[in-house]
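In what follows, a structure is listed as structure tokens, so that the remarks can point back to it.
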Amino acid sequence: MSIDTFQPERNYTENSWWVAGFTEDFSRIPVRRIFLDHAIVMYRKENGEVVALADRCAHRWAPLSEGKLDGDDIVCPYHGFRYDPRGICVHIPTQSAVPGRTKVRAYTVRESAPFVWIWMGEETPAADIPATLPWAADPNWTFVKGSLPVNCNYMLVQENVLDLTHFPHLHATTLEQPGWDTPPAELALENGRVGYRHVFDGVKLAPWQAIPTGIGSERPVKRTDWGEFVSPAIHVAGIDILDPAPVNGRTEFASRIVHATTPESPQRSHYWWCISQNYAVDDEAGKAAVKKIIDATFAQDKHLLEIIQDTILRDHQHDRAPEVSVEADRQGLQARKLLKSVLGKT
Amino acid sequence: MSIDTFQPERNYTENSWWVAGFTEDFSRIPVRRIFLDHAIVMYRKENGEVVALADRCAHRWAPLSEGKLDGDDIVCPYHGFRYDPRGICVHIPTQSAVPGRTKVRAYTVRESAPFVWIWMGEETPAADIPATLPWAADPNWTFVKGSLPVNCNYMLVQENVLDLTHFPHLHATTLEQPGWDTPPAELALENGRVGYRHVFDGVKLAPWQAIPTGIGSERPVKRTDWGEFVSPAIHVAGIDILDPAPVNGRTEFASRIVHATTPESPQRSHYWWCISQNYAVDDEAGKAAVKKIIDATFAQDKHLLEIIQDTILRDHQHDRAPEVSVEADRQGLQARKLLKSVLGKT
Amino acid sequence: MSIDTFQPERNYTENSWWVAGFTEDFSRIPVRRIFLDHAIVMYRKENGEVVALADRCAHRWAPLSEGKLDGDDIVCPYHGFRYDPRGICVHIPTQSAVPGRTKVRAYTVRESAPFVWIWMGEETPAADIPATLPWAADPNWTFVKGSLPVNCNYMLVQENVLDLTHFPHLHATTLEQPGWDTPPAELALENGRVGYRHVFDGVKLAPWQAIPTGIGSERPVKRTDWGEFVSPAIHVAGIDILDPAPVNGRTEFASRIVHATTPESPQRSHYWWCISQNYAVDDEAGKAAVKKIIDATFAQDKHLLEIIQDTILRDHQHDRAPEVSVEADRQGLQARKLLKSVLGKT
């Protein structure tokens with residue numbers, strides 16, 4: 001298969017930051033998660049810091065996630081081996097000596113609202129996390145969020161959000177977002193990154209933005225949609241609304257949309273999303289309405305992408321029909337290229 | 001493994017006609033079906049003709065079957081690419097030009113009651129469909145039918161119906177068909193085809209034929225059973241009853257039985273059947289009774305064949321025990337030979 | 001992978017005795033069971049002897065287990081081939097001659113309460129069954145028992161029961177067995193066999209022994225725990241209690257624990273257990289209480305071992321982290337060595 005054809009293989013690198021979950025997923029109760037084919041246990045220390053260790057006792061493979069915390073340490077449920085947050089075994093109940101090699105791999109994590117990130121590589125992280133999302137912790141912004149496991153390769157999700165010309169088709173009944181019947185005229189490709197910027201001037205708003213902004217569905221506005229494939233782990237997008245004839249004096253309204261994908265395996269992925277907005281910040285009913293619409297929207301994506309994955313796996317052997325790419329795929333193809341160069345380097 | 005041992009492999013050829021479903025399975029609502037490891041979408045044009053296309057958009061693998069019809073065309077649910085019934089993309093919403101290679105494979109279909117057939121090969125069909133079943137559309141005949149997915153290789157079904165000496169054992173409690181404690185004395189092998197003919201003279205009828213013919217279960221008749229492995233896709237069989245001492249003047253009664261099998265994969269198959277009879281044509285209650293018996297009969301086959309498939313897969317690696325064939329297997333072995341020569345040619 | 005790392009492969013030999021089930025599992029109703037990747041049908045003859053045959057008719061792979069018994073013979077449900085208890089086909093309904101090679105493999109079985117054993121090898125059993133369990137049929141003993149399918153390699157179970165230092169951790173809330181915070185000082189390694197013996201002097205009893213012995217939980221006793229990896233198929237263990245200050249004059253109380261494991265496949269196993277005691281023999285309520293505790297205990301083992309198997313399968317490819325073994329693993333490592341030599345010989 002050529003680069004033009006999507007490949008459901010191990011198309012991810014461990015030497016990279018990946019999202020491990022929302023900050024509130026981690027507590028004093030250890031959880032097991034699968035990232036890049038590895039089982040990981042995660043918990044918080046007494047001071048709140050997040051710990052991530054290989055979820056297999058060095059002794060006999062037992063899941064530490066089934067064990068209990070003892071201070072900042074975690075105790076294996078099987079024979080009671082105790083590990084400190086560095087993954088070093090500090091106590092074996094049945095003997096005084098702990099063999100020096102009794103350790104499990106510890107993973108570097110970074111907490112940056114709304115996510116906890118994990119560096120899956122052997123080496124020291126070469127860089128900081130690819131994106132901070134300041135509005136997620138800003139009281140002037142509010143957000144809704146969700147997570148869904150998807151039985152498909154994570155890049156199917158990343159390519160989905162890089163080409164929003166699927167809005168009028170797949171999400172006509174849910175998102176109802178006007179525009180996107182043309183590909184973006186402008187690509188935001190600063191610093192070799194992959195993204196798009198699309199300005200819709202004189203467009204009306206979909207209900208999920210018309211109501212909370214107070215602009216309503218009748219008056220045309222200027223809407224700028226933009227998005228960036230920050231890394232294979234995360235896509236950050238925005239919707240900036242400019243109201244040319246404001247009723248209440250407010251002219252600017254902004255949303256930020258984050259799509260985080262972490263492979264469990266080549267054919268199964270974590271998908272975390274959150275949508276923030278700097279308006280109607282205290283409108284809980286409005287947030288619930290937005291979440292309902294977005295949940296329905298991403299359920300449509302999930303349904304479609306999982307059938308696509310099934311078809312890829314079936315046709316994979318036959319190698320007959322290469323993909324056809326169009327103008328709207330420019331960002332997606334750029335992302336594939338970027339991924340290819342990342343994979344080549346690791 | 002030798003030819004004597006059943007092989008659960010890709011033992012089917014695309015350059016062949018296969019049954020895609022009953023005529024009423026296809027409508028203005030597109031359906032996705034898997035044939036020979038390929039995902040296919042099927043629907044009817046406004047004039048009623050059936051269309052079959054590869055169920056993957058040439059652009060990004062999306063299932064057209066999740067999309068909508070627009071006249072005779074089908075519109076991809078993902079980005080709105082529109083394909084005509086030839087599989088040629090005639091519209092891309094985001095640009096005026098359609099790259100010439102933007103097409104999906106179109107499959108030749110033939111509608112011939114009660115089935116729609118599909119030619120899965122790359123080449124133009126070399127021949128017409130292997131069997132027309134005129135009685136299925138003849139008002140002087142009535143029929144019952146059904147379909148069941150079977151988790152086994154399709155040839156297990158085809159060999160099952162080529163050797164009816166399993167009737168007194170597997171179907172003793174359902175079909176209750178007298179006879180078949182001997183293999184057919186006569187093999188109908190015209191034109192290199194594989195089949196059998198077995199005459200039972202002086203045999204009584206099973207309830208499912210005794211009642212609707214009006215002959216009853218007490219009087220002996222002459223019953224001729226015959227069947228033919230017309231192709232790997234279809235087996236056509238008949239039961240011809242001659243009443244030597246008719247009460248109401250009618251001496252001849254006929255049934256026709258069709259078994260159609262289409263592989264989804266080496267270990268999963270579609271199985272469609274129908275049974276027609278030229279008597280009790282308007283007896284709906286009688287038809288319901290026959291369908292109930294036949295459903296129970298084929299459920300017995302399905303249950304047994306799926307365990308057989310499981311055993312084959314387990315023992316497969318060990319290659320210890322070749323099959324033993326007996327006289328009653330002559331047709332089955334002929335069918336294997338025929339299949340082998342077909343596979344050799346494609 | 002080195003010998004230090006558990007390998008979820010086909011780590012079992014057919015030339016060995018394996019437990020096929022409890023004696024009461026087999027009757028005049030044939031049952032299908034999978035042992036060492038083979039499908040087996042088992043039933044009792046009219047005189048009560050157990051028969052074990054390959055559960056695939058020599059003719060067309062049909063499961064004899066779906067057929068009926070005819071005296072001591074079993075009749076194939078598909079075409080009625082009849083097999084005697086030696087697996088020799090003695091009747092084919094459709095012809096008088098039975099081809100000489102029409103037979104299915106017969107397996108040697110031994111009934112020895114509470115189990116029926118099966119020899120899976122091609123050759124004549126080289127030895128008698130590895131263990132008789134006389135107390136299981138002794139009216140002075142009573143027992144409780146159970147079975148559970150485990151989705152893991154059988155050696156994970158065998159290693160589990162060879163190292164009871166997991167009691168204070170995994171079974172703290174169920175078995176509540178005092179002691180086992182140290183590995184056994186004494187290894188019982190007579191005749192090259194693998195086992196342990198651990199004497200706890202001055203220990204109090206867990207409720208499941210304190211109550212039925214009448215000793216109670218307050219008074220210290222001398223408790224000797226021992227166990228033996230008799231073969232990859234069976235582990236026999238015992239708990240011998242010596243009451244130094246008996247109230248009712250009885251000083252000795254004994255339990256015997258049997259763990260039998262038979263692989264279905266490398267990743268799925270049968271697990272049969274029974275616990276016998278020579279006290280409170282007629283106390284049905286007490287036995288029910290013990291069974292409840294043991295069921296809960298083994299459910300903890302099953303839950304943990306199945307996650308371990310999952311982790312092994314995931315990490316398997318990466319081959320990064322060898323296991324660390326400690327003093328308490330001496331018996332487990334001995335068992336691996338023994339298994340390795342057994343596998344090397346076959």
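If you're wondering about the labels, chains in the structure tokens are A, B, ... by order shown, residues count from 1 in each chain, ligands from 1 in order shown.
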
Residues of chain A that have any atom at most 9 Å from an atom of chain C: could you tabulate them with the shortest-distance atom pair and the distance in Å to one decimal, using only C-alpha atoms, ordered by chain and increasing number, as JSON lines?
```
{"residue": "A:Asp37", "atom": "CA", "partner": "C:Arg314", "partner_atom": "CA", "distance": 6.1}
{"residue": "A:His38", "atom": "CA", "partner": "C:Arg314", "partner_atom": "CA", "distance": 6.6}
{"residue": "A:Ala39", "atom": "CA", "partner": "C:Thr311", "partner_atom": "CA", "distance": 6.7}
{"residue": "A:Asp55", "atom": "CA", "partner": "C:Thr311", "partner_atom": "CA", "distance": 8.1}
{"residue": "A:Arg56", "atom": "CA", "partner": "C:Thr311", "partner_atom": "CA", "distance": 7.2}
{"residue": "A:Cys57", "atom": "CA", "partner": "C:Glu323", "partner_atom": "CA", "distance": 8.6}
{"residue": "A:Ala58", "atom": "CA", "partner": "C:Glu323", "partner_atom": "CA", "distance": 5.5}
{"residue": "A:His59", "atom": "CA", "partner": "C:Val324", "partner_atom": "CA", "distance": 4.7}
{"residue": "A:Arg60", "atom": "CA", "partner": "C:Glu323", "partner_atom": "CA", "distance": 6.3}
{"residue": "A:Trp61", "atom": "CA", "partner": "C:Ile308", "partner_atom": "CA", "distance": 5.6}
{"residue": "A:Ala62", "atom": "CA", "partner": "C:Ile308", "partner_atom": "CA", "distance": 5.3}
{"residue": "A:Pro63", "atom": "CA", "partner": "C:Ile308", "partner_atom": "CA", "distance": 6.6}
{"residue": "A:Glu66", "atom": "CA", "partner": "C:Leu304", "partner_atom": "CA", "distance": 8.0}
{"residue": "A:Gly67", "atom": "CA", "partner": "C:Leu170", "partner_atom": "CA", "distance": 8.9}
{"residue": "A:Cys76", "atom": "CA", "partner": "C:His169", "partner_atom": "CA", "distance": 8.2}
{"residue": "A:Pro77", "atom": "CA", "partner": "C:Leu170", "partner_atom": "CA", "distance": 5.5}
{"residue": "A:Tyr78", "atom": "CA", "partner": "C:Leu170", "partner_atom": "CA", "distance": 5.2}
{"residue": "A:His79", "atom": "CA", "partner": "C:His166", "partner_atom": "CA", "distance": 4.5}
{"residue": "A:Gly80", "atom": "CA", "partner": "C:His169", "partner_atom": "CA", "distance": 5.9}
{"residue": "A:Ile92", "atom": "CA", "partner": "C:Val326", "partner_atom": "CA", "distance": 8.9}
{"residue": "A:Pro93", "atom": "CA", "partner": "C:Asp181", "partner_atom": "CA", "distance": 6.4}
{"residue": "A:Thr94", "atom": "CA", "partner": "C:Thr182", "partner_atom": "CA", "distance": 4.5}
{"residue": "A:Gln95", "atom": "CA", "partner": "C:Thr182", "partner_atom": "CA", "distance": 7.1}
{"residue": "A:Val98", "atom": "CA", "partner": "C:Val326", "partner_atom": "CA", "distance": 8.5}
{"residue": "A:Pro99", "atom": "CA", "partner": "C:Val324", "partner_atom": "CA", "distance": 7.8}
{"residue": "A:Arg101", "atom": "CA", "partner": "C:Val324", "partner_atom": "CA", "distance": 7.2}
{"residue": "A:Thr102", "atom": "CA", "partner": "C:Val324", "partner_atom": "CA", "distance": 6.1}
{"residue": "A:Lys103", "atom": "CA", "partner": "C:Val324", "partner_atom": "CA", "distance": 8.8}
{"residue": "A:Val104", "atom": "CA", "partner": "C:Ala321", "partner_atom": "CA", "distance": 8.2}
{"residue": "A:Arg105", "atom": "CA", "partner": "C:Ala321", "partner_atom": "CA", "distance": 8.9}
```

Using N, CA, C and O atoms, can you export the residues from the last selection as a short mmCIF file (atom, residue, chain, number, x, y, z; two decimals), in the first residue's frame?
```cif
data_model
loop_
_atom_site.label_atom_id
_atom_site.label_comp_id
_atom_site.auth_asym_id
_atom_site.auth_seq_id
_atom_site.Cartn_x
_atom_site.Cartn_y
_atom_site.Cartn_z
N ASP A 37 -0.48 -0.48 23.69
CA ASP A 37 -0.33 -1.92 23.95
C ASP A 37 0.24 -2.25 25.34
O ASP A 37 0.43 -3.42 25.65
N HIS A 38 0.48 -1.24 26.15
CA HIS A 38 1.01 -1.48 27.49
C HIS A 38 -0.06 -1.25 28.56
O HIS A 38 -0.80 -0.28 28.49
N ALA A 39 -0.08 -2.13 29.54
CA ALA A 39 -0.97 -1.94 30.69
C ALA A 39 -0.27 -1.02 31.70
O ALA A 39 0.88 -1.26 32.08
N ASP A 55 1.67 -1.77 34.78
CA ASP A 55 0.71 -2.47 35.63
C ASP A 55 0.99 -3.96 35.65
O ASP A 55 0.14 -4.80 35.35
N ARG A 56 2.23 -4.30 35.97
CA ARG A 56 2.60 -5.71 36.12
C ARG A 56 3.74 -5.78 37.12
O ARG A 56 4.83 -5.26 36.90
N CYS A 57 3.46 -6.43 38.20
CA CYS A 57 4.47 -6.64 39.22
C CYS A 57 5.70 -7.32 38.59
O CYS A 57 5.55 -8.22 37.75
N ALA A 58 6.88 -6.87 38.96
CA ALA A 58 8.12 -7.44 38.42
C ALA A 58 8.26 -8.91 38.77
O ALA A 58 8.99 -9.65 38.11
N HIS A 59 7.54 -9.34 39.79
CA HIS A 59 7.65 -10.69 40.30
C HIS A 59 6.90 -11.69 39.42
O HIS A 59 7.52 -12.48 38.70
N ARG A 60 5.57 -11.60 39.40
CA ARG A 60 4.79 -12.58 38.65
C ARG A 60 3.65 -11.95 37.86
O ARG A 60 2.57 -12.52 37.74
N TRP A 61 3.91 -10.76 37.27
CA TRP A 61 3.01 -10.15 36.30
C TRP A 61 1.67 -9.66 36.88
O TRP A 61 0.79 -9.27 36.12
N ALA A 62 1.49 -9.68 38.18
CA ALA A 62 0.18 -9.33 38.71
C ALA A 62 -0.12 -7.85 38.52
O ALA A 62 0.79 -7.01 38.52
N PRO A 63 -1.41 -7.52 38.32
CA PRO A 63 -1.80 -6.12 38.11
C PRO A 63 -1.76 -5.34 39.42
O PRO A 63 -2.57 -5.59 40.31
N GLU A 66 -4.91 -3.78 40.93
CA GLU A 66 -5.84 -4.49 41.81
C GLU A 66 -5.41 -4.40 43.28
O GLU A 66 -6.09 -4.91 44.16
N GLY A 67 -4.26 -3.77 43.51
CA GLY A 67 -3.74 -3.67 44.87
C GLY A 67 -4.18 -2.41 45.58
O GLY A 67 -5.07 -1.68 45.11
N CYS A 76 1.33 -4.74 45.65
CA CYS A 76 0.81 -5.76 44.73
C CYS A 76 -0.23 -6.63 45.44
O CYS A 76 -0.03 -7.08 46.56
N PRO A 77 -1.36 -6.89 44.78
CA PRO A 77 -2.43 -7.67 45.42
C PRO A 77 -2.07 -9.15 45.57
O PRO A 77 -2.72 -9.86 46.34
N TYR A 78 -1.04 -9.61 44.85
CA TYR A 78 -0.79 -11.05 44.80
C TYR A 78 0.08 -11.48 46.00
O TYR A 78 -0.37 -12.26 46.85
N HIS A 79 1.33 -10.96 46.07
CA HIS A 79 2.22 -11.37 47.15
C HIS A 79 2.71 -10.20 47.99
O HIS A 79 3.63 -10.32 48.77
N GLY A 80 2.08 -9.03 47.80
CA GLY A 80 2.36 -7.91 48.68
C GLY A 80 3.63 -7.13 48.42
O GLY A 80 4.05 -6.33 49.26
N ILE A 92 9.45 -6.62 50.24
CA ILE A 92 8.91 -7.93 49.88
C ILE A 92 8.54 -8.60 51.19
O ILE A 92 9.41 -8.80 52.05
N PRO A 93 7.27 -8.92 51.41
CA PRO A 93 6.84 -9.38 52.74
C PRO A 93 7.57 -10.61 53.25
O PRO A 93 7.75 -10.77 54.46
N THR A 94 8.01 -11.49 52.35
CA THR A 94 8.54 -12.78 52.80
C THR A 94 10.05 -12.81 52.95
O THR A 94 10.61 -13.86 53.24
N GLN A 95 10.73 -11.70 52.72
CA GLN A 95 12.18 -11.70 52.90
C GLN A 95 12.66 -10.28 53.12
O GLN A 95 11.99 -9.31 52.73
N VAL A 98 15.57 -7.12 49.01
CA VAL A 98 14.85 -6.89 47.76
C VAL A 98 15.85 -6.92 46.62
O VAL A 98 16.75 -6.07 46.57
N PRO A 99 15.75 -7.90 45.73
CA PRO A 99 16.70 -7.93 44.61
C PRO A 99 16.65 -6.60 43.85
O PRO A 99 15.57 -6.05 43.60
N ARG A 101 16.93 -5.65 40.92
CA ARG A 101 16.23 -5.49 39.65
C ARG A 101 14.70 -5.56 39.81
O ARG A 101 13.96 -5.56 38.81
N THR A 102 14.26 -5.59 41.07
CA THR A 102 12.81 -5.68 41.30
C THR A 102 12.18 -4.30 41.15
O THR A 102 11.98 -3.57 42.11
N LYS A 103 11.89 -3.96 39.94
CA LYS A 103 11.25 -2.67 39.69
C LYS A 103 10.34 -2.77 38.48
O LYS A 103 10.51 -3.65 37.63
N VAL A 104 9.41 -1.86 38.46
CA VAL A 104 8.54 -1.76 37.28
C VAL A 104 8.80 -0.40 36.66
O VAL A 104 9.23 0.54 37.33
N ARG A 105 8.54 -0.33 35.39
CA ARG A 105 8.81 0.91 34.69
C ARG A 105 7.90 2.03 35.21
O ARG A 105 6.70 1.82 35.40
#
```

>> Using DSSP secondary structure from the backbone, list all strand (DSSP E) positions within stretch 63-283 of chain A, as a PyMOL selection string.
In response: chain A and resi 68-70+73-75+82-83+89-91+106-112+115-119+142-150+194-203+221-231+234-242+252-265+268-277

Output C-alpha atoms of each residue in that selection to a file, as a PDB file, in the first residue's frame.
```pdb
ATOM      1  CA  LYS A  68      -3.923  -1.006  47.526  1.00  0.00           C
ATOM      2  CA  LEU A  69      -2.040   2.207  48.204  1.00  0.00           C
ATOM      3  CA  ASP A  70       0.171   2.475  51.250  1.00  0.00           C
ATOM      4  CA  ASP A  73       3.449   3.376  47.469  1.00  0.00           C
ATOM      5  CA  ILE A  74       1.341   0.732  45.775  1.00  0.00           C
ATOM      6  CA  VAL A  75       1.174  -2.812  47.082  1.00  0.00           C
ATOM      7  CA  ARG A  82       5.436  -2.764  47.618  1.00  0.00           C
ATOM      8  CA  TYR A  83       6.585  -0.260  44.989  1.00  0.00           C
ATOM      9  CA  CYS A  89      10.249  -2.318  44.940  1.00  0.00           C
ATOM     10  CA  VAL A  90      10.894  -1.263  48.532  1.00  0.00           C
ATOM     11  CA  HIS A  91       9.430  -4.234  50.403  1.00  0.00           C
ATOM     12  CA  ALA A 106       7.712   4.348  35.855  1.00  0.00           C
ATOM     13  CA  TYR A 107       6.303   6.731  33.305  1.00  0.00           C
ATOM     14  CA  THR A 108       6.704  10.482  33.311  1.00  0.00           C
ATOM     15  CA  VAL A 109       3.386  12.268  33.635  1.00  0.00           C
ATOM     16  CA  ARG A 110       2.363  15.921  33.429  1.00  0.00           C
ATOM     17  CA  GLU A 111      -0.875  17.286  34.751  1.00  0.00           C
ATOM     18  CA  SER A 112      -2.239  20.180  32.738  1.00  0.00           C
ATOM     19  CA  PHE A 115      -5.732  16.332  31.092  1.00  0.00           C
ATOM     20  CA  VAL A 116      -3.042  14.186  32.590  1.00  0.00           C
ATOM     21  CA  TRP A 117      -0.392  13.402  29.992  1.00  0.00           C
ATOM     22  CA  ILE A 118       1.948  10.425  29.868  1.00  0.00           C
ATOM     23  CA  TRP A 119       5.315  10.018  28.126  1.00  0.00           C
ATOM     24  CA  THR A 142     -16.762  26.917  30.944  1.00  0.00           C
ATOM     25  CA  PHE A 143     -16.521  23.543  29.373  1.00  0.00           C
ATOM     26  CA  VAL A 144     -18.237  20.259  28.664  1.00  0.00           C
ATOM     27  CA  LYS A 145     -16.342  17.109  27.976  1.00  0.00           C
ATOM     28  CA  GLY A 146     -16.618  13.409  27.363  1.00  0.00           C
ATOM     29  CA  SER A 147     -14.724  10.261  26.488  1.00  0.00           C
ATOM     30  CA  LEU A 148     -15.521   7.323  24.323  1.00  0.00           C
ATOM     31  CA  PRO A 149     -13.569   4.221  23.401  1.00  0.00           C
ATOM     32  CA  VAL A 150     -13.459   3.789  19.638  1.00  0.00           C
ATOM     33  CA  VAL A 194      -0.705  21.046  10.236  1.00  0.00           C
ATOM     34  CA  GLY A 195      -3.956  22.936  10.470  1.00  0.00           C
ATOM     35  CA  TYR A 196      -6.628  24.959   8.756  1.00  0.00           C
ATOM     36  CA  ARG A 197      -8.449  28.295   9.092  1.00  0.00           C
ATOM     37  CA  HIS A 198     -11.815  28.929   7.497  1.00  0.00           C
ATOM     38  CA  VAL A 199     -13.697  32.220   7.638  1.00  0.00           C
ATOM     39  CA  PHE A 200     -17.452  32.169   7.148  1.00  0.00           C
ATOM     40  CA  ASP A 201     -18.690  35.718   6.730  1.00  0.00           C
ATOM     41  CA  GLY A 202     -22.424  36.318   6.922  1.00  0.00           C
ATOM     42  CA  VAL A 203     -23.317  32.882   8.194  1.00  0.00           C
ATOM     43  CA  VAL A 221     -22.283  36.721  11.884  1.00  0.00           C
ATOM     44  CA  LYS A 222     -18.662  36.259  10.946  1.00  0.00           C
ATOM     45  CA  ARG A 223     -17.483  32.844  12.132  1.00  0.00           C
ATOM     46  CA  THR A 224     -13.846  31.754  11.956  1.00  0.00           C
ATOM     47  CA  ASP A 225     -13.188  28.042  12.391  1.00  0.00           C
ATOM     48  CA  TRP A 226      -9.638  26.887  12.843  1.00  0.00           C
ATOM     49  CA  GLY A 227      -7.945  23.718  13.963  1.00  0.00           C
ATOM     50  CA  GLU A 228      -4.504  22.242  14.382  1.00  0.00           C
ATOM     51  CA  PHE A 229      -3.051  18.731  14.442  1.00  0.00           C
ATOM     52  CA  VAL A 230      -0.737  19.717  17.269  1.00  0.00           C
ATOM     53  CA  SER A 231       0.596  16.175  17.515  1.00  0.00           C
ATOM     54  CA  ILE A 234      -4.041  16.085  20.252  1.00  0.00           C
ATOM     55  CA  HIS A 235      -5.974  18.362  17.971  1.00  0.00           C
ATOM     56  CA  VAL A 236      -6.898  21.847  19.175  1.00  0.00           C
ATOM     57  CA  ALA A 237      -9.573  23.798  17.363  1.00  0.00           C
ATOM     58  CA  GLY A 238     -11.507  26.986  17.810  1.00  0.00           C
ATOM     59  CA  ILE A 239     -14.611  28.779  16.685  1.00  0.00           C
ATOM     60  CA  ASP A 240     -14.413  32.566  16.899  1.00  0.00           C
ATOM     61  CA  ILE A 241     -17.667  34.457  16.402  1.00  0.00           C
ATOM     62  CA  LEU A 242     -17.825  38.137  15.579  1.00  0.00           C
ATOM     63  CA  GLU A 252     -16.828  38.473  20.335  1.00  0.00           C
ATOM     64  CA  PHE A 253     -17.552  34.940  21.424  1.00  0.00           C
ATOM     65  CA  ALA A 254     -15.080  32.058  21.380  1.00  0.00           C
ATOM     66  CA  SER A 255     -15.132  28.272  21.663  1.00  0.00           C
ATOM     67  CA  ARG A 256     -12.178  25.940  21.946  1.00  0.00           C
ATOM     68  CA  ILE A 257     -12.471  22.280  20.991  1.00  0.00           C
ATOM     69  CA  VAL A 258      -9.922  19.646  21.936  1.00  0.00           C
ATOM     70  CA  HIS A 259      -9.742  16.127  20.520  1.00  0.00           C
ATOM     71  CA  ALA A 260      -7.255  13.844  22.257  1.00  0.00           C
ATOM     72  CA  THR A 261      -6.584  10.344  20.970  1.00  0.00           C
ATOM     73  CA  THR A 262      -4.434   7.669  22.545  1.00  0.00           C
ATOM     74  CA  PRO A 263      -4.074   4.254  20.925  1.00  0.00           C
ATOM     75  CA  GLU A 264      -4.756   1.198  23.020  1.00  0.00           C
ATOM     76  CA  SER A 265      -3.785  -0.906  20.035  1.00  0.00           C
ATOM     77  CA  ARG A 268      -8.753   0.453  19.418  1.00  0.00           C
ATOM     78  CA  SER A 269      -8.289   3.931  20.833  1.00  0.00           C
ATOM     79  CA  HIS A 270      -9.185   6.231  23.647  1.00  0.00           C
ATOM     80  CA  TYR A 271     -10.915   9.396  22.509  1.00  0.00           C
ATOM     81  CA  TRP A 272     -11.262  12.328  24.906  1.00  0.00           C
ATOM     82  CA  TRP A 273     -12.843  15.594  23.904  1.00  0.00           C
ATOM     83  CA  CYS A 274     -13.764  18.875  25.544  1.00  0.00           C
ATOM     84  CA  ILE A 275     -15.425  22.025  24.311  1.00  0.00           C
ATOM     85  CA  SER A 276     -14.895  25.293  26.135  1.00  0.00           C
ATOM     86  CA  GLN A 277     -16.660  28.594  25.613  1.00  0.00           C
TER      87      GLN A 277
END
```

> When DSSP works through the backbone of this structure, what residues of stretch 115-340 of chain A end up as helix (DSSP H, G or I), shown as a count of residues only?
Replying inline: 76

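Straight-line separation from atom CA of C:Ile29 to atom CA of C:Val41: 10.1 Å.
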
> In Å to one decimal, how far is atom CA of A:Asp84 from atom CA of A:Phe35?
Replying inline: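 Computing the Euclidean distance for atom CA of A:Phe35 and atom CA of A:Asp84 yields 21.3 Å.
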
>> List the spatial neighbours of C:Asn47 as a ChimeraX atom specification - criterion: any atom at most 12 Å away, only C-alpha atoms, same-chain residues fewer than 3 positions off excluded.
In response: /C:27-28,43-44,50-51,71-72

> Which residues, written as number ranges by chain, have at least one atom at most 6 Å from B:Trp141, with only C-alpha atoms counted and residues fewer than 4 positions away on the same chain left out?
Replying inline: B: 135, 277-278, 281

> If you measure from atom CA of A:Arg33 to atom CA of A:Arg336, what distance in Å do you get, rounded to one decimal?
Replying inline: 26.5 Å
